[in-house]
file model.pdb (PDB, C-alpha atoms, pLDDT in the B column)
ATOM      1  CA  MET A   1     143.979  73.035  60.633  1.00 60.00           C
ATOM      2  CA  SER A   2     142.620  75.695  58.274  1.00 51.00           C
ATOM      3  CA  ASP A   3     141.789  79.073  59.772  1.00 48.00           C
ATOM      4  CA  ASP A   4     139.792  81.389  57.517  1.00 45.00           C
ATOM      5  CA  GLU A   5     139.929  84.180  60.081  1.00 46.00           C
ATOM      6  CA  GLY A   6     143.715  83.979  60.239  1.00 46.00           C
ATOM      7  CA  GLY A   7     143.989  83.702  56.485  1.00 52.00           C
ATOM      8  CA  GLY A   8     145.738  80.349  56.118  1.00 69.00           C
ATOM      9  CA  SER A   9     146.769  77.091  57.717  1.00 86.00           C
ATOM     10  CA  LEU A  10     147.728  76.634  61.347  1.00 92.00           C
ATOM     11  CA  TYR A  11     150.269  74.058  62.459  1.00 94.00           C
ATOM     12  CA  VAL A  12     148.865  72.983  65.816  1.00 95.00           C
ATOM     13  CA  LEU A  13     151.408  72.631  68.640  1.00 95.00           C
ATOM     14  CA  THR A  14     149.223  72.187  71.699  1.00 96.00           C
ATOM     15  CA  ALA A  15     145.834  73.028  73.170  1.00 97.00           C
ATOM     16  CA  VAL A  16     144.389  73.830  76.583  1.00 97.00           C
ATOM     17  CA  LEU A  17     140.899  74.117  78.013  1.00 97.00           C
ATOM     18  CA  LEU A  18     139.288  77.346  79.147  1.00 97.00           C
ATOM     19  CA  THR A  19     136.287  76.278  81.225  1.00 97.00           C
ATOM     20  CA  PRO A  20     135.040  77.238  84.710  1.00 95.00           C
ATOM     21  CA  ALA A  21     136.582  74.056  86.119  1.00 94.00           C
ATOM     22  CA  GLN A  22     139.836  74.051  84.180  1.00 94.00           C
ATOM     23  CA  PHE A  23     141.761  77.000  82.780  1.00 96.00           C
ATOM     24  CA  PRO A  24     145.374  78.230  82.803  1.00 95.00           C
ATOM     25  CA  SER A  25     145.746  79.985  86.148  1.00 93.00           C
ATOM     26  CA  ILE A  26     148.070  82.607  84.689  1.00 92.00           C
ATOM     27  CA  LEU A  27     145.062  84.050  82.839  1.00 95.00           C
ATOM     28  CA  GLY A  28     143.164  85.089  85.962  1.00 95.00           C
ATOM     29  CA  ASP A  29     141.731  84.332  89.390  1.00 96.00           C
ATOM     30  CA  ASP A  30     138.529  82.972  87.846  1.00 97.00           C
ATOM     31  CA  PHE A  31     136.895  81.951  84.571  1.00 97.00           C
ATOM     32  CA  PRO A  32     135.351  85.359  83.732  1.00 97.00           C
ATOM     33  CA  GLU A  33     138.688  87.098  84.311  1.00 97.00           C
ATOM     34  CA  ALA A  34     140.489  84.607  82.080  1.00 97.00           C
ATOM     35  CA  CYS A  35     137.893  85.098  79.342  1.00 97.00           C
ATOM     36  CA  SER A  36     138.183  88.871  79.654  1.00 96.00           C
ATOM     37  CA  LEU A  37     141.930  88.684  79.054  1.00 94.00           C
ATOM     38  CA  LEU A  38     141.226  86.957  75.740  1.00 95.00           C
ATOM     39  CA  GLY A  39     138.284  89.171  74.845  1.00 94.00           C
ATOM     40  CA  VAL A  40     135.638  86.429  74.774  1.00 96.00           C
ATOM     41  CA  PRO A  41     132.373  86.254  76.773  1.00 96.00           C
ATOM     42  CA  PRO A  42     132.387  83.916  79.814  1.00 95.00           C
ATOM     43  CA  GLY A  43     129.414  81.874  78.720  1.00 84.00           C
ATOM     44  CA  GLY A  44     128.344  78.393  77.756  1.00 81.00           C
ATOM     45  CA  ASP A  45     130.600  75.428  78.356  1.00 89.00           C
ATOM     46  CA  GLY A  46     133.747  77.466  77.826  1.00 96.00           C
ATOM     47  CA  TYR A  47     136.351  77.196  75.107  1.00 98.00           C
ATOM     48  CA  GLY A  48     139.369  75.377  73.818  1.00 97.00           C
ATOM     49  CA  LEU A  49     142.554  77.310  73.083  1.00 97.00           C
ATOM     50  CA  VAL A  50     144.517  75.939  70.133  1.00 97.00           C
ATOM     51  CA  LEU A  51     148.097  77.220  69.959  1.00 97.00           C
ATOM     52  CA  GLY A  52     150.092  76.967  66.773  1.00 96.00           C
ATOM     53  CA  GLN A  53     152.048  78.658  63.997  1.00 96.00           C
ATOM     54  CA  ASP A  54     151.030  79.789  60.538  1.00 95.00           C
ATOM     55  CA  GLU A  55     153.026  79.108  57.378  1.00 95.00           C
ATOM     56  CA  GLU A  56     155.285  82.077  58.134  1.00 95.00           C
ATOM     57  CA  GLY A  57     156.015  80.824  61.658  1.00 96.00           C
ATOM     58  CA  ALA A  58     153.879  83.447  63.397  1.00 96.00           C
ATOM     59  CA  ARG A  59     152.309  82.553  66.737  1.00 96.00           C
ATOM     60  CA  TRP A  60     148.510  82.298  66.887  1.00 97.00           C
ATOM     61  CA  THR A  61     145.975  81.331  69.528  1.00 97.00           C
ATOM     62  CA  VAL A  62     142.687  80.131  68.061  1.00 96.00           C
ATOM     63  CA  VAL A  63     139.728  80.157  70.452  1.00 97.00           C
ATOM     64  CA  VAL A  64     137.099  77.540  69.591  1.00 97.00           C
ATOM     65  CA  ASP A  65     133.796  76.669  71.242  1.00 95.00           C
ATOM     66  CA  ASP A  66     134.081  72.918  70.542  1.00 95.00           C
ATOM     67  CA  VAL A  67     135.250  72.039  74.044  1.00 96.00           C
ATOM     68  CA  SER A  68     134.668  68.293  73.639  1.00 95.00           C
ATOM     69  CA  LEU A  69     136.928  68.094  70.588  1.00 96.00           C
ATOM     70  CA  VAL A  70     139.782  69.886  72.327  1.00 96.00           C
ATOM     71  CA  ALA A  71     139.334  67.794  75.485  1.00 95.00           C
ATOM     72  CA  THR A  72     139.515  64.615  73.402  1.00 95.00           C
ATOM     73  CA  ALA A  73     142.711  65.796  71.722  1.00 96.00           C
ATOM     74  CA  ILE A  74     144.342  66.657  75.058  1.00 95.00           C
ATOM     75  CA  ALA A  75     143.368  63.291  76.563  1.00 95.00           C
ATOM     76  CA  SER A  76     144.780  61.461  73.530  1.00 96.00           C
ATOM     77  CA  TRP A  77     148.072  63.355  73.667  1.00 95.00           C
ATOM     78  CA  ASP A  78     148.362  62.716  77.401  1.00 92.00           C
ATOM     79  CA  CYS A  79     148.102  58.996  76.643  1.00 94.00           C
ATOM     80  CA  GLY A  80     150.845  59.230  74.017  1.00 92.00           C
ATOM     81  CA  MET A  81     148.411  58.822  71.120  1.00 94.00           C
ATOM     82  CA  GLU A  82     148.358  60.844  67.951  1.00 91.00           C
ATOM     83  CA  TYR A  83     145.341  63.060  67.340  1.00 91.00           C
ATOM     84  CA  ASP A  84     144.793  65.429  64.457  1.00 91.00           C
ATOM     85  CA  LEU A  85     143.153  68.437  66.063  1.00 93.00           C
ATOM     86  CA  SER A  86     141.274  70.168  63.266  1.00 89.00           C
ATOM     87  CA  PRO A  87     138.297  72.135  64.603  1.00 88.00           C
ATOM     88  CA  ASP A  88     135.521  72.975  62.197  1.00 89.00           C
ATOM     89  CA  GLU A  89     135.827  76.559  60.930  1.00 90.00           C
ATOM     90  CA  ARG A  90     132.339  77.252  62.303  1.00 92.00           C
ATOM     91  CA  SER A  91     133.614  76.540  65.830  1.00 94.00           C
ATOM     92  CA  ILE A  92     136.252  79.297  65.675  1.00 95.00           C
ATOM     93  CA  VAL A  93     135.314  82.188  67.953  1.00 95.00           C
ATOM     94  CA  VAL A  94     138.375  84.368  67.353  1.00 95.00           C
ATOM     95  CA  SER A  95     142.004  84.062  66.274  1.00 95.00           C
ATOM     96  CA  LEU A  96     144.420  86.036  68.429  1.00 96.00           C
ATOM     97  CA  ALA A  97     148.024  86.920  67.631  1.00 96.00           C
ATOM     98  CA  GLY A  98     150.617  85.483  70.005  1.00 96.00           C
ATOM     99  CA  TRP A  99     150.536  82.817  72.703  1.00 97.00           C
ATOM    100  CA  PRO A 100     149.449  83.405  76.321  1.00 95.00           C
ATOM    101  CA  LEU A 101     151.579  80.444  77.472  1.00 94.00           C
ATOM    102  CA  GLU A 102     155.272  79.629  77.182  1.00 93.00           C
ATOM    103  CA  LEU A 103     155.924  76.837  74.670  1.00 94.00           C
ATOM    104  CA  SER A 104     159.241  75.075  74.151  1.00 90.00           C
ATOM    105  CA  VAL A 105     158.183  73.391  70.902  1.00 89.00           C
ATOM    106  CA  ALA A 106     157.865  74.662  67.339  1.00 91.00           C
ATOM    107  CA  ALA A 107     156.528  73.374  64.042  1.00 92.00           C
ATOM    108  CA  ALA A 108     159.131  71.752  61.798  1.00 92.00           C
ATOM    109  CA  GLY A 109     159.954  73.127  58.366  1.00 93.00           C
ATOM    110  CA  ILE A 110     158.742  76.689  58.888  1.00 94.00           C
ATOM    111  CA  PRO A 111     160.405  79.824  60.335  1.00 94.00           C
ATOM    112  CA  GLU A 112     161.050  80.096  64.076  1.00 94.00           C
ATOM    113  CA  PRO A 113     158.109  81.194  66.259  1.00 95.00           C
ATOM    114  CA  HIS A 114     157.574  84.947  66.246  1.00 95.00           C
ATOM    115  CA  ASP A 115     154.712  87.326  66.836  1.00 94.00           C
ATOM    116  CA  PRO A 116     152.870  88.725  63.825  1.00 92.00           C
ATOM    117  CA  GLU A 117     152.610  92.477  63.537  1.00 87.00           C
ATOM    118  CA  GLN A 118     150.318  94.223  65.981  1.00 83.00           C
ATOM    119  CA  GLY A 119     146.823  94.340  64.557  1.00 80.00           C
ATOM    120  CA  ALA A 120     147.342  91.313  62.326  1.00 84.00           C
ATOM    121  CA  ASP A 121     144.433  89.574  64.042  1.00 87.00           C
ATOM    122  CA  GLY A 122     142.091  92.510  63.460  1.00 86.00           C
ATOM    123  CA  THR A 123     141.757  93.344  67.156  1.00 84.00           C
ATOM    124  CA  GLY A 124     144.358  96.110  67.258  1.00 83.00           C
ATOM    125  CA  ARG A 125     145.739  94.669  70.506  1.00 86.00           C
ATOM    126  CA  VAL A 126     149.313  93.733  71.339  1.00 91.00           C
ATOM    127  CA  PRO A 127     149.970  90.026  70.637  1.00 94.00           C
ATOM    128  CA  LEU A 128     149.438  87.688  73.570  1.00 95.00           C
ATOM    129  CA  ALA A 129     152.597  86.829  75.496  1.00 93.00           C
ATOM    130  CA  PRO A 130     153.501  84.720  78.542  1.00 91.00           C
ATOM    131  CA  PRO A 131     153.910  86.664  81.789  1.00 85.00           C
ATOM    132  CA  SER A 132     157.328  87.830  82.887  1.00 81.00           C
ATOM    133  CA  ALA A 133     158.996  85.834  85.623  1.00 73.00           C
ATOM    134  CA  GLU A 134     161.028  88.831  86.748  1.00 78.00           C
ATOM    135  CA  ALA A 135     158.572  90.382  89.209  1.00 89.00           C
ATOM    136  CA  TRP A 136     156.241  88.839  91.807  1.00 94.00           C
ATOM    137  CA  GLY A 137     152.569  89.541  91.359  1.00 94.00           C
ATOM    138  CA  PRO A 138     149.165  87.855  90.900  1.00 95.00           C
ATOM    139  CA  VAL A 139     150.313  85.762  87.936  1.00 95.00           C
ATOM    140  CA  GLN A 140     153.401  84.454  89.718  1.00 95.00           C
ATOM    141  CA  ARG A 141     151.361  83.827  92.867  1.00 96.00           C
ATOM    142  CA  ARG A 142     148.910  81.653  90.920  1.00 96.00           C
ATOM    143  CA  MET A 143     151.748  79.851  89.144  1.00 94.00           C
ATOM    144  CA  GLY A 144     153.291  79.140  92.543  1.00 94.00           C
ATOM    145  CA  ALA A 145     150.049  77.562  93.708  1.00 96.00           C
ATOM    146  CA  ASP A 146     150.012  75.446  90.548  1.00 94.00           C
ATOM    147  CA  GLN A 147     153.501  74.222  91.376  1.00 95.00           C
ATOM    148  CA  ILE A 148     152.521  73.250  94.909  1.00 95.00           C
ATOM    149  CA  ALA A 149     149.599  71.240  93.534  1.00 94.00           C
ATOM    150  CA  ARG A 150     151.962  69.404  91.168  1.00 94.00           C
ATOM    151  CA  GLU A 151     154.530  68.737  93.914  1.00 94.00           C
ATOM    152  CA  TRP A 152     152.005  68.043  96.651  1.00 92.00           C
ATOM    153  CA  SER A 153     153.785  65.155  98.377  1.00 89.00           C
ATOM    154  CA  ASP A 154     156.976  67.209  98.816  1.00 90.00           C
ATOM    155  CA  TRP A 155     155.116  70.181 100.262  1.00 90.00           C
ATOM    156  CA  ARG A 156     152.968  67.963 102.469  1.00 85.00           C
ATOM    157  CA  GLU A 157     156.074  66.334 103.927  1.00 84.00           C
ATOM    158  CA  ARG A 158     157.669  69.735 104.503  1.00 80.00           C
ATOM    159  CA  GLU A 159     154.548  70.977 106.285  1.00 75.00           C
ATOM    160  CA  ALA A 160     154.451  67.893 108.490  1.00 66.00           C
ATOM    161  CA  THR A 161     158.072  68.527 109.483  1.00 65.00           C
ATOM    162  CA  ASP A 162     158.037  72.303 109.911  1.00 64.00           C
ATOM    163  CA  GLY A 163     154.464  72.834 111.034  1.00 56.00           C
ATOM    164  CA  GLY A 164     152.673  76.117 110.422  1.00 55.00           C
ATOM    165  CA  ALA A 165     152.749  77.908 113.755  1.00 54.00           C
ATOM    166  CA  ALA A 166     154.754  80.876 112.466  1.00 57.00           C
ATOM    167  CA  ALA A 167     152.242  81.527 109.711  1.00 66.00           C
ATOM    168  CA  ALA A 168     149.166  81.285 111.926  1.00 67.00           C
ATOM    169  CA  ALA A 169     149.311  84.916 113.039  1.00 72.00           C
ATOM    170  CA  HIS A 170     149.971  86.389 109.600  1.00 89.00           C
ATOM    171  CA  PRO A 171     147.262  88.994 108.877  1.00 92.00           C
ATOM    172  CA  GLY A 172     147.309  88.216 105.153  1.00 93.00           C
ATOM    173  CA  LEU A 173     146.689  84.545 105.846  1.00 94.00           C
ATOM    174  CA  ALA A 174     143.786  85.377 108.153  1.00 92.00           C
ATOM    175  CA  ARG A 175     142.276  87.608 105.463  1.00 95.00           C
ATOM    176  CA  ALA A 176     142.620  84.918 102.799  1.00 95.00           C
ATOM    177  CA  LEU A 177     140.983  82.284 104.984  1.00 95.00           C
ATOM    178  CA  GLU A 178     138.104  84.603 105.863  1.00 95.00           C
ATOM    179  CA  GLU A 179     137.490  85.373 102.194  1.00 97.00           C
ATOM    180  CA  ALA A 180     137.712  81.671 101.344  1.00 97.00           C
ATOM    181  CA  LEU A 181     135.146  80.946 104.066  1.00 96.00           C
ATOM    182  CA  GLU A 182     132.886  83.628 102.610  1.00 97.00           C
ATOM    183  CA  TYR A 183     132.918  81.711  99.317  1.00 97.00           C
ATOM    184  CA  THR A 184     131.118  78.892 101.131  1.00 96.00           C
ATOM    185  CA  ARG A 185     128.350  81.321 102.107  1.00 96.00           C
ATOM    186  CA  THR A 186     128.089  83.468  98.978  1.00 96.00           C
ATOM    187  CA  PRO A 187     128.905  81.815  95.631  1.00 91.00           C
ATOM    188  CA  PRO A 188     131.979  83.445  94.050  1.00 95.00           C
ATOM    189  CA  PRO A 189     132.525  83.966  90.299  1.00 96.00           C
ATOM    190  CA  PRO A 190     132.837  80.659  88.373  1.00 96.00           C
ATOM    191  CA  GLY A 191     136.286  79.158  88.703  1.00 96.00           C
ATOM    192  CA  ARG A 192     137.256  80.954  91.914  1.00 97.00           C
ATOM    193  CA  VAL A 193     136.990  77.574  93.661  1.00 98.00           C
ATOM    194  CA  ARG A 194     137.887  74.417  91.758  1.00 97.00           C
ATOM    195  CA  SER A 195     138.039  70.775  92.793  1.00 96.00           C
ATOM    196  CA  SER A 196     139.851  67.930  91.051  1.00 94.00           C
ATOM    197  CA  PHE A 197     140.370  64.240  91.752  1.00 92.00           C
ATOM    198  CA  ALA A 198     143.489  63.505  93.824  1.00 89.00           C
ATOM    199  CA  GLY A 199     143.171  59.746  94.362  1.00 82.00           C
ATOM    200  CA  GLU A 200     142.299  57.644  97.419  1.00 81.00           C
ATOM    201  CA  GLY A 201     139.027  59.485  97.904  1.00 85.00           C
ATOM    202  CA  GLU A 202     140.648  62.897  98.225  1.00 90.00           C
ATOM    203  CA  ARG A 203     140.105  66.078  96.238  1.00 94.00           C
ATOM    204  CA  THR A 204     142.576  68.822  95.406  1.00 95.00           C
ATOM    205  CA  LEU A 205     141.038  72.204  96.213  1.00 96.00           C
ATOM    206  CA  ARG A 206     142.115  75.410  94.569  1.00 97.00           C
ATOM    207  CA  ALA A 207     140.728  78.798  95.572  1.00 97.00           C
ATOM    208  CA  ASP A 208     141.882  82.227  94.435  1.00 98.00           C
ATOM    209  CA  GLY A 209     140.946  85.719  95.499  1.00 97.00           C
ATOM    210  CA  PRO A 210     142.183  89.295  95.443  1.00 96.00           C
ATOM    211  CA  GLY A 211     145.837  88.986  96.396  1.00 97.00           C
ATOM    212  CA  TRP A 212     145.835  85.327  97.494  1.00 98.00           C
ATOM    213  CA  SER A 213     145.765  81.713  96.316  1.00 98.00           C
ATOM    214  CA  LEU A 214     144.984  78.605  98.353  1.00 97.00           C
ATOM    215  CA  VAL A 215     145.772  75.016  97.422  1.00 97.00           C
ATOM    216  CA  GLY A 216     144.936  72.050  99.632  1.00 95.00           C
ATOM    217  CA  ARG A 217     143.532  68.565  99.832  1.00 94.00           C
ATOM    218  CA  THR A 218     140.447  67.388 101.639  1.00 91.00           C
ATOM    219  CA  GLY A 219     141.485  65.557 104.765  1.00 80.00           C
ATOM    220  CA  GLY A 220     144.990  67.007 104.500  1.00 79.00           C
ATOM    221  CA  ALA A 221     146.987  70.208 104.527  1.00 91.00           C
ATOM    222  CA  ALA A 222     146.617  73.536 102.749  1.00 94.00           C
ATOM    223  CA  PHE A 223     148.922  76.352 101.737  1.00 95.00           C
ATOM    224  CA  VAL A 224     148.381  80.015 100.916  1.00 96.00           C
ATOM    225  CA  LEU A 225     150.428  82.368  98.743  1.00 96.00           C
ATOM    226  CA  LEU A 226     150.027  86.133  98.962  1.00 97.00           C
ATOM    227  CA  ASP A 227     150.811  88.990  96.615  1.00 96.00           C
ATOM    228  CA  GLU A 228     152.299  90.832  99.597  1.00 96.00           C
ATOM    229  CA  GLU A 229     154.747  88.014 100.420  1.00 94.00           C
ATOM    230  CA  PRO A 230     156.898  87.322  97.332  1.00 94.00           C
ATOM    231  CA  SER A 231     157.735  83.623  96.913  1.00 91.00           C
ATOM    232  CA  GLU A 232     156.587  82.803 100.462  1.00 93.00           C
ATOM    233  CA  VAL A 233     154.364  79.787 101.129  1.00 93.00           C
ATOM    234  CA  LEU A 234     152.255  79.887 104.292  1.00 93.00           C
ATOM    235  CA  ALA A 235     150.998  76.644 105.789  1.00 92.00           C
ATOM    236  CA  VAL A 236     147.387  76.904 106.962  1.00 91.00           C
ATOM    237  CA  PRO A 237     147.024  75.947 110.653  1.00 86.00           C
ATOM    238  CA  ARG A 238     144.649  73.070 111.300  1.00 81.00           C
ATOM    239  CA  GLU A 239     142.946  74.750 114.218  1.00 77.00           C
ATOM    240  CA  GLY A 240     140.538  77.630 113.747  1.00 70.00           C
ATOM    241  CA  ASP A 241     136.886  78.461 113.324  1.00 66.00           C
ATOM    242  CA  PRO A 242     136.120  76.527 111.262  1.00 74.00           C
ATOM    243  CA  GLY A 243     139.029  74.092 111.378  1.00 87.00           C
ATOM    244  CA  LEU A 244     140.984  73.374 108.216  1.00 91.00           C
ATOM    245  CA  PRO A 245     139.252  70.026 107.413  1.00 91.00           C
ATOM    246  CA  GLU A 246     135.825  71.673 107.722  1.00 93.00           C
ATOM    247  CA  LEU A 247     136.884  74.616 105.540  1.00 94.00           C
ATOM    248  CA  LEU A 248     138.232  72.360 102.782  1.00 95.00           C
ATOM    249  CA  THR A 249     135.116  70.196 102.854  1.00 94.00           C
ATOM    250  CA  ALA A 250     132.914  73.288 102.618  1.00 95.00           C
ATOM    251  CA  LEU A 251     134.946  74.651  99.714  1.00 96.00           C
ATOM    252  CA  ASP A 252     134.653  71.314  97.931  1.00 96.00           C
ATOM    253  CA  ARG A 253     130.868  71.556  98.140  1.00 96.00           C
ATOM    254  CA  VAL A 254     130.804  74.882  96.269  1.00 96.00           C
ATOM    255  CA  ALA A 255     133.669  74.153  93.862  1.00 96.00           C
ATOM    256  CA  VAL A 256     133.253  73.520  90.157  1.00 95.00           C
ATOM    257  CA  ARG A 257     134.546  70.174  88.923  1.00 93.00           C
ATOM    258  CA  PRO A 258     135.705  68.898  85.538  1.00 88.00           C
ATOM    259  CA  SER A 259     132.855  67.112  83.793  1.00 76.00           C
TER     260      SER A 259
END

call {"tool": "encode", "arguments": {"input": "model.pdb", "output": "structure tokens"}}
result
Amino acid sequence: MSDDEGGGSLYVLTAVLLTPAQFPSILGDDFPEACSLLGVPPGGDGYGLVLGQDEEGARWTVVVDDVSLVATAIASWDCGMEYDLSPDERSIVVSLAGWPLELSVAAAGIPEPHDPEQGADGTGRVPLAPPSAEAWGPVQRRMGADQIAREWSDWREREATDGGAAAAAHPGLARALEEALEYTRTPPPPGRVRSSFAGEGERTLRADGPGWSLVGRTGGAAFVLLDEEPSEVLAVPREGDPGLPELLTALDRVAVRPS
């Protein structure tokens, strides 16, 4: 694609959506926080993030407001089809140096991926970079919840075997569940609670808050990760007020869903 703001051509490597219902969790607990990290307003239908390299090999993230185009490209790639993602120049919101996500691919025939000089994008900010995996914190907590969602059957089987009695009395778990319940009474920022199709009439629920992340399935189990408990996964007990099934159903009612 051609990028006037970046001053040349961009060899597109991948793209992701940044919408209230679907955004990279490493960027924030909710849609406004993710937008703030990239310096764009959290309005409209959201954005598409196009990640690629320029002719010198430098990493660039191009934020576009043509969400439908990016969604079509992603769906085509997921089906193994080719798709030339070339957003109209008028849809470009901003071009940012660096990548916010880790990529293992690179464009052929140009120098290896590297960050352009600071300020090359006109923002004066340090180029975007993936989070460090060295220390536990909010980013790693959200990435851990993502992993549980991807490996749900394994975690569900483990929960059925081990139970969750030991976690039931954890004060951090109780706090997270109370804040999640409050979301069902007072609408949280967009993207704090998300729901996606999980098959067989079930929904995968994802909720995030200050210091915690919850992932679960309606009619099933749920797990919580806490900033204060590095790499620990707490199974949510089924009993409570409300019980786990009722909480997940209530969260699903207030969640945003992919269109």

call {"tool": "closest_residue", "arguments": {"input": "model.pdb", "among": "A:Glu82, A:Glu55, A:Asp115, A:Asp208", "to": "Leu96 in chain A", "atoms": "all atoms listed in the file"}}
result
A:Asp115

call {"tool": "resolve_selection", "arguments": {"input": "model.pdb", "expression": "the PyMOL selection byres ((chain A and resi 224-233) around 7)", "output": "NGL selection string"}}
result
:A and (136-138 or 141 or 145 or 173 or 211-215 or 222-223 or 234-236)

call {"tool": "closest_residue", "arguments": {"input": "model.pdb", "among": "A:Leu37, A:Ala21, A:Leu101, A:Ala207", "to": "Arg142 in chain A", "atoms": "only C-alpha atoms"}}
result
A:Ala207

call {"tool": "closest_residue", "arguments": {"input": "model.pdb", "among": "A:Leu85, A:Val94, A:Ala15, A:Leu69", "to": "Leu38 in chain A", "atoms": "only C-alpha atoms"}}
result
A:Val94

call {"tool": "closest_residue", "arguments": {"input": "model.pdb", "among": "A:Pro258, A:Pro131, A:Pro87, A:Gly119", "to": "Gly191 in chain A", "atoms": "only C-alpha atoms"}}
result
A:Pro258

call {"tool": "residues_around", "arguments": {"input": "model.pdb", "residues": "Val67 in chain A", "least_positions_apart": "6", "cutoff": "7 Å", "atoms": "all atoms listed in the file", "output": "list in words"}}
result
Gly46, Tyr47 and Gly48 of chain A

call {"tool": "residues_around", "arguments": {"input": "model.pdb", "residues": "Val64 in chain A", "least_positions_apart": "2", "cutoff": "7 Å", "atoms": "only C-alpha atoms", "output": "number ranges by chain"}}
result
A: 47-49, 62, 66, 91-93

call {"tool": "resolve_selection", "arguments": {"input": "model.pdb", "expression": "the PyMOL selection byres ((chain A and resi 34) around 12)", "output": "PyMOL selection string"}}
result
chain A and resi 17-33+35-43+46-47+49+100+139+189-192

call {"tool": "closest_residue", "arguments": {"input": "model.pdb", "among": "A:Ala169, A:Val254, A:Ile74, A:Ala97", "to": "Thr184 in chain A", "atoms": "only C-alpha atoms"}}
result
A:Val254

call {"tool": "closest_residue", "arguments": {"input": "model.pdb", "among": "A:Arg238, A:Arg194, A:Arg217, A:Arg203", "to": "Val256 in chain A", "atoms": "all atoms listed in the file"}}
result
A:Arg194

call {"tool": "resolve_selection", "arguments": {"input": "model.pdb", "expression": "the PyMOL selection byres ((chain A and resi 10) around 6)", "output": "ChimeraX atom specification"}}
result
/A:1,9,11-12,52-54

call {"tool": "atom_distance", "arguments": {"input": "model.pdb", "atom1": "CA of Pro237 in chain A", "atom2": "CA of Glu159 in chain A"}}
result
10.0 Å

call {"tool": "atom_distance", "arguments": {"input": "model.pdb", "atom1": "CA of Arg59 in chain A", "atom2": "CA of Glu117 in chain A"}}
result
10.4 Å

call {"tool": "residues_around", "arguments": {"input": "model.pdb", "residues": "Gly201 in chain A", "least_positions_apart": "2", "cutoff": "10 Å", "atoms": "only C-alpha atoms", "output": "number ranges by chain"}}
result
A: 197-199, 203, 218-219

call {"tool": "atom_distance", "arguments": {"input": "model.pdb", "atom1": "CA of Gly216 in chain A", "atom2": "CA of Ser153 in chain A"}}
result
11.3 Å

call {"tool": "residues_around", "arguments": {"input": "model.pdb", "residues": "Leu251 in chain A", "least_positions_apart": "5", "cutoff": "8 Å", "atoms": "only C-alpha atoms", "output": "mmCIF file with C-alpha atoms, keeping the file's coordinate frame"}}
result
data_model
loop_
_atom_site.group_PDB
_atom_site.id
_atom_site.type_symbol
_atom_site.label_atom_id
_atom_site.label_comp_id
_atom_site.auth_asym_id
_atom_site.auth_seq_id
_atom_site.Cartn_x
_atom_site.Cartn_y
_atom_site.Cartn_z
ATOM 1 C CA ALA A 180 137.712 81.671 101.344
ATOM 2 C CA LEU A 181 135.146 80.946 104.066
ATOM 3 C CA TYR A 183 132.918 81.711 99.317
ATOM 4 C CA THR A 184 131.118 78.892 101.131
ATOM 5 C CA VAL A 193 136.990 77.574 93.661
ATOM 6 C CA LEU A 205 141.038 72.204 96.213
#
